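> Got a file for you: run.cif, mmCIF, C-alpha atoms.
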data_model
loop_
_atom_site.label_atom_id
_atom_site.label_comp_id
_atom_site.auth_asym_id
_atom_site.auth_seq_id
_atom_site.Cartn_x
_atom_site.Cartn_y
_atom_site.Cartn_z
CA MET A 1460 -22.83 22.39 17.42
CA ASN A 1461 -23.74 21.46 13.87
CA ILE A 1462 -21.50 19.09 11.96
CA SER A 1463 -21.95 18.79 8.24
CA VAL A 1464 -22.19 15.51 6.37
CA LYS A 1465 -18.87 16.32 4.71
CA GLU A 1466 -17.16 16.75 8.08
CA ILE A 1467 -18.64 13.49 9.35
CA SER A 1468 -17.42 11.70 6.24
CA GLY A 1469 -13.95 13.14 6.75
CA ILE A 1470 -13.83 11.99 10.38
CA LEU A 1471 -15.04 8.51 9.42
CA GLY A 1472 -12.41 8.34 6.71
CA VAL A 1473 -9.64 9.17 9.18
CA LEU A 1474 -10.94 6.57 11.65
CA ILE A 1475 -11.08 3.92 8.93
CA LEU A 1476 -7.51 4.68 7.84
CA LEU A 1477 -6.38 4.53 11.47
CA ALA A 1478 -8.07 1.17 11.96
CA ILE A 1479 -6.48 -0.22 8.79
CA SER A 1480 -3.05 1.01 9.88
CA ILE A 1481 -3.40 -0.73 13.23
CA LEU A 1482 -4.46 -3.98 11.53
CA LEU A 1483 -1.49 -3.85 9.16
CA ILE A 1484 0.91 -3.37 12.08
CA PHE A 1485 -0.38 -6.20 14.23
CA PHE A 1486 -1.76 -8.50 11.53
CA PRO A 1487 0.31 -8.35 8.31
CA PRO A 1488 -1.96 -9.14 5.36
CA LEU A 1489 -0.45 -12.51 4.49
CA LYS A 1490 -0.44 -13.76 8.08
CA PHE A 1491 -3.97 -12.46 8.68
CA TYR A 1492 -5.21 -14.20 5.53
CA ASN A 1493 -3.45 -17.47 6.29
CA LYS A 1494 -4.67 -17.45 9.88
CA ALA A 1495 -8.21 -16.89 8.70
CA ILE A 1496 -8.12 -19.88 6.35
CA GLY A 1497 -5.82 -22.00 8.50
CA LYS A 1498 -3.09 -22.14 5.87
CA ASN A 1499 0.66 -22.09 6.35
CA ASN A 1500 2.26 -24.57 4.00
CA ALA A 1501 2.17 -23.37 0.39
CA SER A 1502 2.80 -24.86 -3.02
CA ILE A 1503 6.11 -24.02 -4.65
CA ASP A 1504 7.86 -24.46 -7.96
CA THR A 1505 9.47 -27.90 -7.66
CA GLN A 1506 11.88 -27.13 -10.49
CA ILE A 1507 14.36 -25.36 -8.25
CA ASN A 1508 17.82 -25.50 -9.78
CA LEU A 1509 19.82 -27.72 -7.45
CA GLN A 1510 22.98 -26.69 -9.27
CA GLN A 1511 22.49 -23.09 -8.25
CA LYS A 1512 25.80 -21.84 -6.89
CA PHE A 1513 26.20 -19.70 -3.80
CA GLN A 1514 29.05 -17.93 -2.12
CA THR A 1515 29.01 -18.76 1.57
CA SER A 1516 29.91 -16.97 4.78
CA HIS A 1517 32.71 -19.54 5.07
CA HIS A 1518 34.35 -18.08 1.94
CA THR A 1519 33.54 -21.12 -0.16
CA GLU A 1520 31.38 -21.76 -3.22
CA ILE A 1521 28.70 -24.39 -2.91
CA THR A 1522 25.71 -25.72 -4.83
CA LEU A 1523 22.21 -26.09 -3.46
CA GLU A 1524 22.39 -29.83 -4.07
CA SER A 1525 25.43 -30.21 -1.81
CA LEU A 1526 23.62 -28.32 0.94
CA ILE A 1527 20.73 -30.75 1.17
CA ASP A 1528 22.60 -33.86 2.28
CA ARG A 1529 20.41 -33.28 5.35
CA PRO A 1530 17.31 -31.11 5.84
CA LEU A 1531 18.00 -27.49 4.95
CA VAL A 1532 15.94 -24.68 6.44
CA LEU A 1533 16.40 -21.55 4.35
CA SER A 1534 15.12 -18.04 4.83
CA THR A 1535 15.94 -14.73 3.20
CA GLY A 1536 17.03 -11.45 4.72
CA PHE A 1537 19.97 -9.10 4.93
CA THR A 1538 22.40 -7.99 7.61
CA ARG A 1539 21.24 -4.36 7.72
CA CYS A 1540 17.62 -5.40 8.32
CA GLY A 1541 16.47 -3.99 11.62
CA TYR A 1542 12.92 -5.27 11.89
CA SER A 1543 11.94 -8.80 10.81
CA CYS A 1544 15.36 -10.37 10.19
CA PRO A 1545 16.48 -10.44 13.85
CA MET A 1546 13.28 -12.33 14.69
CA THR A 1547 13.91 -14.73 11.83
CA MET A 1548 17.43 -15.37 13.11
CA ILE A 1549 16.09 -16.11 16.60
CA PHE A 1550 13.63 -18.53 15.02
CA MET A 1551 16.35 -20.27 13.00
CA ASN A 1552 18.59 -20.54 16.04
CA LYS A 1553 15.75 -22.15 17.98
CA LEU A 1554 15.43 -24.78 15.26
CA LEU A 1555 19.18 -25.42 15.34
CA GLN A 1556 19.08 -25.88 19.10
CA SER A 1557 16.27 -28.40 18.72
CA PHE A 1558 17.98 -30.50 16.05
CA ASP A 1559 21.67 -29.82 16.67
CA LYS A 1560 23.74 -31.08 13.71
CA LYS A 1561 20.87 -32.97 12.10
CA ILE A 1562 19.88 -29.97 9.98
CA THR A 1563 21.47 -27.00 8.25
CA ALA A 1564 20.05 -23.50 8.46
CA ALA A 1565 20.84 -20.81 5.93
CA LEU A 1566 20.24 -17.11 5.46
CA LEU A 1567 20.20 -16.07 1.80
CA THR A 1568 20.94 -12.39 1.57
CA VAL A 1569 18.76 -10.24 -0.66
CA ASP A 1570 21.41 -7.51 -0.48
CA PRO A 1571 24.50 -9.10 -2.07
CA ALA A 1572 26.02 -5.72 -2.92
CA TYR A 1573 26.53 -5.00 0.78
CA ASP A 1574 26.49 -8.49 2.28
CA THR A 1575 29.85 -9.84 1.18
CA PRO A 1576 31.03 -13.21 2.53
CA GLU A 1577 33.01 -11.29 5.17
CA VAL A 1578 29.96 -9.30 6.27
CA LEU A 1579 27.82 -12.45 6.43
CA HIS A 1580 30.50 -14.25 8.41
CA ASP A 1581 30.69 -11.46 10.97
CA TYR A 1582 26.90 -11.34 11.21
CA LEU A 1583 26.67 -15.07 11.96
CA THR A 1584 29.58 -15.44 14.38
CA SER A 1585 27.27 -15.97 17.37
CA PHE A 1586 25.37 -18.80 15.67
CA PRO A 1587 26.25 -22.52 15.43
CA GLU A 1588 28.55 -23.51 12.59
CA ASN A 1589 25.70 -25.19 10.72
CA MET A 1590 24.04 -21.78 10.33
CA ILE A 1591 25.52 -20.38 7.13
CA GLY A 1592 25.13 -17.26 5.06
CA LEU A 1593 24.49 -17.57 1.34
CA ARG A 1594 24.99 -15.04 -1.41
CA ILE A 1595 24.16 -14.96 -5.12
CA LYS A 1596 26.25 -12.16 -6.55
CA ASN A 1597 24.58 -11.95 -9.95
CA LYS A 1598 21.39 -9.89 -9.65
CA ASP A 1599 19.53 -11.73 -12.41
CA GLU A 1600 20.35 -15.13 -10.92
CA LEU A 1601 19.28 -13.91 -7.50
CA ARG A 1602 16.01 -12.51 -8.83
CA LEU A 1603 15.23 -15.79 -10.62
CA PHE A 1604 16.03 -17.91 -7.57
CA LEU A 1605 13.92 -15.71 -5.30
CA LYS A 1606 11.03 -16.03 -7.73
CA LYS A 1607 11.41 -19.81 -7.71
CA ILE A 1608 11.06 -19.95 -3.94
CA GLY A 1609 8.10 -17.60 -3.79
CA GLN A 1610 10.06 -14.61 -2.58
CA ARG A 1611 9.77 -11.05 -3.80
CA THR A 1612 12.01 -8.28 -2.61
CA TYR A 1613 11.45 -4.57 -3.10
CA THR A 1614 12.36 -1.25 -1.60
CA ALA A 1615 10.23 1.70 -0.68
CA GLN A 1616 11.68 3.56 -3.65
CA ASN A 1617 11.19 0.98 -6.39
CA THR A 1618 10.43 -2.64 -7.17
CA THR A 1619 13.86 -3.76 -8.29
CA ILE A 1620 16.31 -6.01 -6.53
CA GLU A 1621 18.56 -3.03 -5.87
CA ILE A 1622 18.90 -2.26 -2.18
CA THR A 1623 20.57 0.98 -1.22
CA ASN A 1624 19.59 1.16 2.44
CA SER A 1625 18.06 -0.84 5.26
CA GLN A 1626 14.49 -0.19 4.15
CA ALA A 1627 14.08 -3.26 1.95
CA HIS A 1628 10.95 -5.33 2.39
CA HIS A 1629 10.83 -9.06 1.93
CA LYS A 1630 8.72 -12.01 2.91
CA ASN A 1631 9.64 -14.09 5.94
CA PHE A 1632 8.85 -17.41 4.33
CA VAL A 1633 10.78 -20.51 5.39
CA LEU A 1634 11.85 -22.99 2.73
CA LEU A 1635 12.49 -26.59 3.77
CA LEU A 1636 14.55 -28.79 1.45
CA ALA A 1637 15.70 -32.37 1.90
CA PRO A 1638 17.11 -35.19 -0.23
CA SER A 1639 14.50 -37.03 -2.31
CA HIS A 1640 11.66 -34.86 -1.02
CA PRO A 1641 9.75 -32.03 -2.71
CA PRO A 1642 10.48 -28.58 -1.32
CA GLN A 1643 8.12 -27.21 1.30
CA LEU A 1644 7.40 -23.51 1.66
CA PHE A 1645 6.01 -22.22 4.96
CA LEU A 1646 4.33 -18.84 4.83
CA ASN A 1647 4.62 -18.26 8.57
CA GLN A 1648 7.36 -19.08 11.03
CA ASN A 1649 5.28 -21.56 13.00
CA PHE A 1650 7.87 -23.37 15.12
CA GLU A 1651 5.88 -26.49 16.00
CA GLU A 1652 4.65 -26.99 12.44
CA ILE A 1653 8.08 -26.64 10.87
CA LYS A 1654 9.66 -28.75 13.61
CA SER A 1655 7.13 -31.50 12.87
CA ALA A 1656 7.89 -31.30 9.13
CA ILE A 1657 11.61 -31.65 9.81
CA ASN A 1658 11.05 -34.64 12.09
CA GLN A 1659 9.23 -36.37 9.26
CA LEU A 1660 12.33 -35.97 7.08
CA LEU A 1661 14.80 -37.40 9.60
#
Turn the structure described in the file into structure tokens.


Amino acid sequence: MNISVKEISGILGVLILLAISILLIFFPPLKFYNKAIGKNNASIDTQINLQQKFQTSHHTEITLESLIDRPLVLSTGFTRCGYSCPMTMIFMNKLLQSFDKKITAALLTVDPAYDTPEVLHDYLTSFPENMIGLRIKNKDELRLFLKKIGQRTYTAQNTTIEITNSQAHHKNFVLLLAPSHPPQLFLNQNFEEIKSAINQLL
């Protein structure tokens, strides 16, 4: 059976695409890169607006400054997320169990149109009371804040902050804030590393 060079090239192309797809599933680009260079903690814009206001899952309005009277562990996500967010919430709950009331954990929704304070409250009912949901209603304010903390959110349809379904993609970074300390951004949810960083702040 004779196989032409063109057919061989086509087969190789398919195999290469298959290999890349498998790598992307099991080793997301950012995690693969950071693992290769041994990097997790990243630099971040230190000029985060501490007066940034949020609506909370407790139906209150609060500033970022008032949230960091103790170490604050913040991640982004949204309640309709069916892939990475549940794992992030398990991770955050594990941190809360380790530190009890010594820290605050927060989920900042990237889907404020759907995630009202009521929706966030219902989503977080099974978590400790020091796990709160945060919401920035104004899209421009939200976009600016996400940019400040190294987060970028997009959908499969476009690159805007608009989310119309559960197919939004966002980074699973963890932001650690504490009084009189520069913010720390962790690219991966490495429990022992972030736990150690929190201990240094207590």

> Go through A:Ser1655, A:Asn1649, A:Ser1639, A:Ser1585 and flag the residue nearest A:Leu1509, using only C-alpha atoms for the distances.

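The shortest atom-to-atom distance to A:Leu1509 comes from A:Ser1639.
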
> Which of these residues is nearest to A:Met1590, using only C-alpha atoms: A:Lys1560, A:Thr1568, A:Pro1638, A:Cys1544?

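Among the listed residues, A:Lys1560 lies closest to A:Met1590.
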
> Do you know which residues are at most 10 Å from stretch 1631-1637 of chain A counting only C-alpha atoms, after dropping those on the same chain fewer than 4 positions away, and could you put them as a ChimeraX atom specification?

/A:1499-1501,1503,1523-1524,1526-1536,1543-1544,1546-1547,1551,1562-1565,1608-1610,1641-1649,1653,1656-1657,1660-1661

> When the PyMOL selection byres ((chain A and resi 1592) around 6) is applied to the structure above, which residues does it catch, written out as a short mmCIF file (atom, residue, chain, number, x, y, z; two decimals) with C-alpha atoms, in the frame of the given file?


data_model
loop_
_atom_site.label_atom_id
_atom_site.label_comp_id
_atom_site.auth_asym_id
_atom_site.auth_seq_id
_atom_site.Cartn_x
_atom_site.Cartn_y
_atom_site.Cartn_z
CA THR A 1515 29.01 -18.76 1.57
CA SER A 1516 29.91 -16.97 4.78
CA ALA A 1565 20.84 -20.81 5.93
CA LEU A 1566 20.24 -17.11 5.46
CA LEU A 1579 27.82 -12.45 6.43
CA ILE A 1591 25.52 -20.38 7.13
CA LEU A 1593 24.49 -17.57 1.34
#

> Measuring atom to atom with all atoms listed in the file, identify which of A:Thr1575, A:Asp1570, A:Lys1561, A:Ile1549 is nearest to A:His1517.

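Looking only at the distances to A:His1517, the closest residue turns out to be A:Thr1575.
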
> Provide the atom CA of A:Pro1545 to atom CA of A:Asn1658 distance in Å, to one decimal place.

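Result for atom CA of A:Pro1545 versus atom CA of A:Asn1658: 24.9 Å, one decimal.
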
> Give me, please, the distance in Å between atom CA of A:Leu1603 and atom CA of A:Phe1537, quoted to one decimal.

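Interatomic distance, atom CA of A:Leu1603 to atom CA of A:Phe1537: 17.6 Å.
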
> Enter the distance from atom CA of A:Arg1594 to atom CA of A:Ala1572, in Å, rounded to one decimal.

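Taking atom CA of A:Arg1594 and atom CA of A:Ala1572, their separation equals 9.5 Å.
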
> Point out the residue among A:Gln1556, A:Leu1605, A:Arg1539, A:Glu1600 with the least atom-to-atom distance to A:Tyr1582, counting all atoms listed in the file.

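Looking at the shortest contact to A:Tyr1582, the residue is A:Arg1539.
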
> A:Thr1519, A:Asp1581, A:Val1569, A:Lys1654: which is nearest A:Lys1596, counting all atoms listed in the file?

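Checking each candidate against A:Lys1596, we get A:Val1569 as the closest.
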
> Which is closer to A:Ile1521 than all the others in A:Pro1571, A:Ser1557, A:Ile1595, A:Pro1587, using all atoms listed in the file?

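Among A:Pro1571, A:Ser1557, A:Ile1595, A:Pro1587, it is A:Ile1595 that comes nearest to A:Ile1521.
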